[in-house]
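Novice: Sharing final-v6.cif (mmCIF, C-alpha atoms) below.
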```
data_input
#
loop_
_atom_site.label_atom_id
_atom_site.label_comp_id
_atom_site.auth_asym_id
_atom_site.auth_seq_id
_atom_site.Cartn_x
_atom_site.Cartn_y
_atom_site.Cartn_z
CA MET A 890 44.68 3.93 -9.49
CA ARG A 891 40.94 4.12 -8.87
CA ASP A 892 40.27 1.17 -11.20
CA ALA A 893 42.97 -0.87 -9.44
CA ALA A 894 41.49 -0.11 -6.03
CA ARG A 895 38.02 -1.04 -7.28
CA GLY A 896 39.37 -4.31 -8.66
CA VAL A 897 41.09 -5.17 -5.38
CA LEU A 898 37.91 -4.42 -3.43
CA ILE A 899 35.78 -6.60 -5.73
CA GLY A 900 38.36 -9.39 -5.46
CA VAL A 901 38.38 -9.26 -1.66
CA ILE A 902 34.58 -9.34 -1.51
CA ALA A 903 34.45 -12.25 -3.99
CA ILE A 904 36.99 -14.27 -1.98
CA ALA A 905 35.18 -13.56 1.29
CA LEU A 906 31.83 -14.50 -0.27
CA LEU A 907 33.25 -17.77 -1.62
CA GLY A 908 34.63 -18.47 1.84
CA ALA A 909 31.20 -17.89 3.38
CA ILE A 910 29.59 -20.25 0.83
CA ALA A 911 32.23 -22.92 1.50
CA SER A 912 31.76 -22.56 5.25
CA ARG A 913 27.98 -22.93 4.99
CA ALA A 914 28.39 -25.98 2.75
CA GLY A 915 30.72 -27.57 5.30
CA TRP A 916 33.69 -27.68 2.95
CA ILE A 917 35.85 -25.62 5.27
CA ASP A 918 35.67 -24.84 8.96
CA THR A 919 36.31 -21.14 9.41
CA ASP A 920 34.98 -18.47 11.67
CA LEU A 921 35.39 -14.75 11.25
CA PRO A 922 36.92 -12.76 14.11
CA ARG A 923 34.01 -11.11 15.88
CA SER A 924 33.54 -8.49 18.53
CA HIS A 925 32.24 -9.66 21.89
CA GLY A 926 29.66 -7.60 23.70
CA ARG A 927 27.26 -5.10 22.12
CA GLY A 928 29.84 -2.79 20.55
CA ALA A 929 29.50 -4.03 16.97
CA TRP A 930 25.71 -4.17 17.19
CA MET A 931 25.47 -0.63 18.53
CA LEU A 932 27.92 0.62 15.90
CA SER A 933 25.86 -1.06 13.20
CA ARG A 934 22.70 0.61 14.49
CA ALA A 935 24.46 3.97 14.61
CA THR A 936 25.84 3.69 11.06
CA GLY A 937 22.49 2.44 9.80
CA LEU A 938 20.60 5.40 11.26
CA THR A 939 23.27 7.81 10.03
CA ALA A 940 23.05 6.25 6.56
CA PHE A 941 19.28 6.79 6.59
CA VAL A 942 19.77 10.45 7.53
CA ALA A 943 22.34 10.91 4.74
CA LEU A 944 20.01 9.20 2.26
CA ALA A 945 17.08 11.36 3.37
CA LEU A 946 19.15 14.54 3.03
CA ASP A 947 20.29 13.38 -0.41
CA VAL A 948 16.69 12.90 -1.58
CA ILE A 949 15.69 16.25 -0.07
CA ALA A 950 18.61 18.00 -1.79
CA GLY A 951 17.61 16.43 -5.10
CA LEU A 952 14.05 17.66 -4.68
CA LEU A 953 15.30 21.13 -3.78
CA VAL A 954 17.20 21.13 -7.07
CA SER A 955 14.23 19.95 -9.16
CA THR A 956 11.68 22.22 -7.45
CA ARG A 957 14.02 25.23 -7.10
CA ALA A 958 12.39 25.66 -3.69
CA ALA A 959 15.61 26.80 -1.99
CA ASP A 960 17.11 28.91 -4.79
CA ARG A 961 16.39 32.20 -3.02
CA TRP A 962 18.27 31.08 0.13
CA ILE A 963 20.94 28.69 -1.15
CA PRO A 964 22.91 29.13 -4.39
CA ARG A 965 21.76 26.47 -6.82
CA LYS A 966 25.29 25.23 -7.48
CA GLU A 967 25.77 24.53 -3.77
CA THR A 968 22.56 22.51 -3.63
CA VAL A 969 23.67 20.46 -6.65
CA ASP A 970 27.12 19.93 -5.09
CA LEU A 971 25.52 18.86 -1.80
CA HIS A 972 23.28 16.41 -3.65
CA GLY A 973 26.29 14.85 -5.38
CA TRP A 974 28.36 14.78 -2.19
CA LEU A 975 25.72 13.05 -0.06
CA SER A 976 25.31 10.07 -2.40
CA PRO A 977 28.75 8.46 -1.83
CA ILE A 978 28.56 9.35 1.88
CA ALA A 979 25.30 7.41 2.18
CA LEU A 980 26.78 4.43 0.33
CA ALA A 981 29.86 4.40 2.56
CA LEU A 982 27.68 4.44 5.67
CA ILE A 983 25.54 1.61 4.26
CA ALA A 984 28.70 -0.45 3.71
CA CYS A 985 29.84 0.24 7.28
CA HIS A 986 26.39 -0.75 8.54
CA ALA A 987 26.62 -4.13 6.80
CA LEU A 988 30.25 -4.85 7.71
CA THR A 989 29.77 -4.11 11.39
CA LEU A 990 26.86 -6.57 11.39
CA VAL A 991 29.29 -9.25 10.20
CA ALA A 992 31.56 -8.40 13.14
CA ASP A 993 28.77 -8.87 15.69
CA ASP A 994 29.02 -11.99 17.85
CA TYR A 995 25.33 -12.29 18.78
CA ILE A 996 23.42 -12.83 15.52
CA ARG A 997 26.63 -13.95 13.73
CA PHE A 998 25.84 -12.65 10.25
CA ASP A 999 28.09 -13.66 7.37
CA LEU A 1000 28.56 -12.03 3.97
CA ILE A 1001 25.76 -14.10 2.46
CA ASP A 1002 23.34 -12.67 5.03
CA VAL A 1003 24.22 -9.07 4.19
CA LEU A 1004 24.67 -9.47 0.42
CA VAL A 1005 21.90 -11.90 -0.59
CA PRO A 1006 18.35 -10.59 -0.09
CA PHE A 1007 16.18 -12.56 2.36
CA ALA A 1008 19.02 -14.96 3.32
CA SER A 1009 19.43 -13.57 6.82
CA PRO A 1010 18.43 -15.71 9.80
CA TYR A 1011 17.38 -12.53 11.63
CA ARG A 1012 14.13 -10.98 10.35
CA PRO A 1013 14.83 -12.08 6.76
CA VAL A 1014 12.14 -9.94 5.11
CA ALA A 1015 13.20 -6.76 6.89
CA VAL A 1016 16.90 -7.36 6.24
CA GLY A 1017 16.20 -8.40 2.64
CA ILE A 1018 14.39 -5.12 1.99
CA GLY A 1019 17.45 -3.30 3.30
CA VAL A 1020 19.77 -5.29 1.02
CA LEU A 1021 17.62 -4.50 -2.02
CA ALA A 1022 17.53 -0.84 -1.04
CA ALA A 1023 21.34 -0.82 -0.88
CA TYR A 1024 21.65 -2.31 -4.37
CA ALA A 1025 19.16 0.20 -5.75
CA ALA A 1026 21.15 3.02 -4.11
CA VAL A 1027 24.27 1.77 -5.92
CA VAL A 1028 22.37 1.82 -9.24
CA VAL A 1029 21.26 5.42 -8.67
CA HIS A 1030 24.78 6.48 -7.71
CA VAL A 1031 26.40 4.77 -10.72
CA SER A 1032 23.85 6.37 -13.05
CA PHE A 1033 25.34 9.79 -12.26
CA GLY A 1034 28.55 8.87 -14.05
CA LEU A 1035 26.70 7.25 -16.95
CA ARG A 1036 24.29 10.08 -17.64
CA LYS A 1037 25.88 11.08 -20.96
CA ARG A 1038 25.98 7.47 -22.16
CA ILE A 1039 22.47 6.43 -21.24
CA GLY A 1040 20.82 9.76 -22.04
CA PRO A 1041 18.77 12.10 -19.85
CA LYS A 1042 15.47 10.21 -20.25
CA VAL A 1043 16.84 6.87 -19.05
CA TRP A 1044 18.86 8.63 -16.35
CA ARG A 1045 15.76 10.42 -15.07
CA LYS A 1046 13.84 7.14 -14.87
CA LEU A 1047 16.69 5.51 -12.96
CA HIS A 1048 16.82 8.54 -10.70
CA TYR A 1049 13.24 7.87 -9.62
CA LEU A 1050 14.66 4.83 -7.84
CA SER A 1051 15.84 7.28 -5.18
CA PHE A 1052 12.30 7.41 -3.81
CA VAL A 1053 12.09 3.61 -3.81
CA VAL A 1054 15.42 3.45 -1.95
CA PHE A 1055 14.28 6.01 0.60
CA THR A 1056 10.97 4.23 1.21
CA ALA A 1057 12.60 0.79 1.42
CA ALA A 1058 15.25 2.11 3.82
CA ALA A 1059 12.52 3.49 6.08
CA VAL A 1060 10.65 0.16 6.01
CA HIS A 1061 13.90 -1.68 6.74
CA ALA A 1062 14.64 0.57 9.71
CA ILE A 1063 11.14 0.10 11.13
CA LEU A 1064 10.97 -3.68 10.70
CA ALA A 1065 14.58 -4.60 11.46
CA GLY A 1066 15.44 -2.11 14.18
CA THR A 1067 15.15 -3.20 17.78
CA ASP A 1068 14.46 0.38 18.90
CA ALA A 1069 12.19 1.51 16.07
CA ALA A 1070 9.35 2.35 18.47
CA ARG A 1071 11.36 4.88 20.47
CA PRO A 1072 10.10 8.46 20.06
CA ALA A 1073 13.49 9.76 18.90
CA ILE A 1074 13.74 7.09 16.19
CA VAL A 1075 10.15 7.72 15.09
CA ALA A 1076 10.89 11.44 14.81
CA LEU A 1077 14.11 10.69 12.92
CA GLY A 1078 12.11 8.80 10.31
CA ALA A 1079 8.95 10.88 10.24
CA THR A 1080 10.60 14.29 9.85
CA PRO A 1081 12.46 13.66 6.56
CA LEU A 1082 9.47 11.66 5.29
CA ALA A 1083 7.20 14.67 5.81
CA ILE A 1084 9.71 16.97 4.08
CA VAL A 1085 10.03 14.61 1.11
CA VAL A 1086 6.25 14.33 0.76
CA GLY A 1087 5.90 18.11 0.92
CA LEU A 1088 8.58 18.70 -1.70
CA LEU A 1089 7.04 16.05 -3.94
CA ALA A 1090 3.74 17.89 -3.69
CA VAL A 1091 5.52 21.09 -4.73
CA ARG A 1092 7.22 19.24 -7.58
CA VAL A 1093 3.95 17.86 -8.93
CA SER A 1094 2.07 21.15 -8.53
CA ARG A 1095 4.75 23.16 -10.31
CA PHE A 1096 5.87 20.84 -13.07
CA GLY A 1097 3.38 17.97 -13.17
CA THR A 1098 4.69 14.81 -14.77
CA ALA A 1099 6.27 16.52 -17.77
CA PRO A 1100 10.04 16.89 -17.90
CA ARG A 1101 11.25 20.14 -16.38
CA PRO A 1102 12.70 22.56 -18.96
CA ARG A 1103 16.48 22.81 -18.81
#
```
Now, as a test, write the supplied structure out as structure tokens.
Specialist:
Amino acid sequence: MRDAARGVLIGVIAIALLGAIASRAGWIDTDLPRSHGRGAWMLSRATGLTAFVALALDVIAGLLVSTRAADRWIPRKETVDLHGWLSPIALALIACHALTLVADDYIRFDLIDVLVPFASPYRPVAVGIGVLAAYAAVVVHVSFGLRKRIGPKVWRKLHYLSFVVFTAAAVHAILAGTDAARPAIVALGATPLAIVVGLLAVRVSRFGTAPRPR
């Protein structure tokens, strides 16, 4: 059932992407139904910020697992479960962020804009960084299920992409967001960044660069 649902989803995305390519090439004249007003744009901003929070919490949970910094307050199994639970939540919010952009009537994004890096007419570099961060997040998430096949060493190297995703997502939010300079948004980005940097310092001081013993 899960494979069938995944196949249907991929097929729908492929058809929609081909339609966007045909529309840009002038082969067909189609226009997606879009939301008038600022509703879709505001929803996209909300899901984007929520996705960043979920991603930040996911990275923090992973560092709490590797550093054992929270073991005396939180059972280790619960931290591991939280880390695994936050990953698909962040991906779902990222997907909602992109799809609601397509529904917006102001910028008028299409699937090419949100799926192809640097193809967006709106701040292409900033949006492109966000697209690349989303793909890297998918790679990290998929690597969880492939850990036994690819081995712990390769999995650990792929897992380091989490920090790249987190950094790229922060850059995307700063450069693409229309309200990035607001104090609340700055605090939303700076707080998890400071926590991640602090936990990384703990990780390096405790274990260095050598693999942590199992």
Novice: Within 12 Å of Pro964 in chain A, counting only C-alpha atoms, which residues show up once you throw out same-chain ones fewer than 6 positions away? Write them as a ChimeraX atom specification, please.
Specialist: /A:953-954,957-958,970-971
Novice: Report as a PyMOL selection string the residues that result from applying the PyMOL selection byres ((chain A and resi 989) around 9) to the structure here.
Specialist: chain A and resi 929-930+932-933+936+984-988+990-993
Novice: Can you work out which one of A:Phe1033, A:Trp1044, A:Tyr1024, A:Phe1007 has the shortest atom-to-atom distance to Ala1058 in chain A, counting all atoms listed in the file?
Specialist: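 That would be A:Tyr1024, the residue with the smallest distance to Ala1058 in chain A.
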Novice: Determine the residue set returned by the PyMOL selection byres ((chain A and resi 978) around 12) for the present structure, and present it as a PyMOL selection string.
Specialist: chain A and resi 936+939-947+971-977+979-985+1026-1027+1030
Novice: Take CA of Val1020 in chain A and CA of Val1005 in chain A and report the distance between them in Å, one decimal.
Specialist: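 Computing it gives 7.1 Å between the two atoms.
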Novice: Rank nothing, just name the residue among A:Val1053, A:His1048, A:Ala1022, A:Ala1090 nearest to Arg1036 in chain A, using all atoms listed in the file.
Specialist: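 Closest to Arg1036 in chain A, using all atoms listed in the file: A:His1048.
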Novice: May I have the residues within 8 Å of range 1082-1086 of chain A as a JSON list (two decimals) with C-alpha atoms, in the frame of the given file, using all atoms listed in the file and disregarding those fewer than 6 positions away in the same chain?
Specialist:
```
[["chain", "number", "residue", "atom", "x", "y", "z"],
["A", 945, "ALA", "CA", 17.08, 11.36, 3.37],
["A", 948, "VAL", "CA", 16.69, 12.90, -1.58],
["A", 949, "ILE", "CA", 15.69, 16.25, -0.07],
["A", 952, "LEU", "CA", 14.05, 17.66, -4.68]]
```
Novice: Mind pulling up the distance from CA of Phe998 in chain A to CA of Arg927 in chain A?
Specialist: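 Computing it gives 14.1 Å between the two atoms.
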Novice: Restricting the calculation to all atoms listed in the file, which member of A:Gly951, A:Val1075, A:Val969, A:Ala1008 is positioned closest to Arg1092 in chain A?
Specialist: A:Gly951
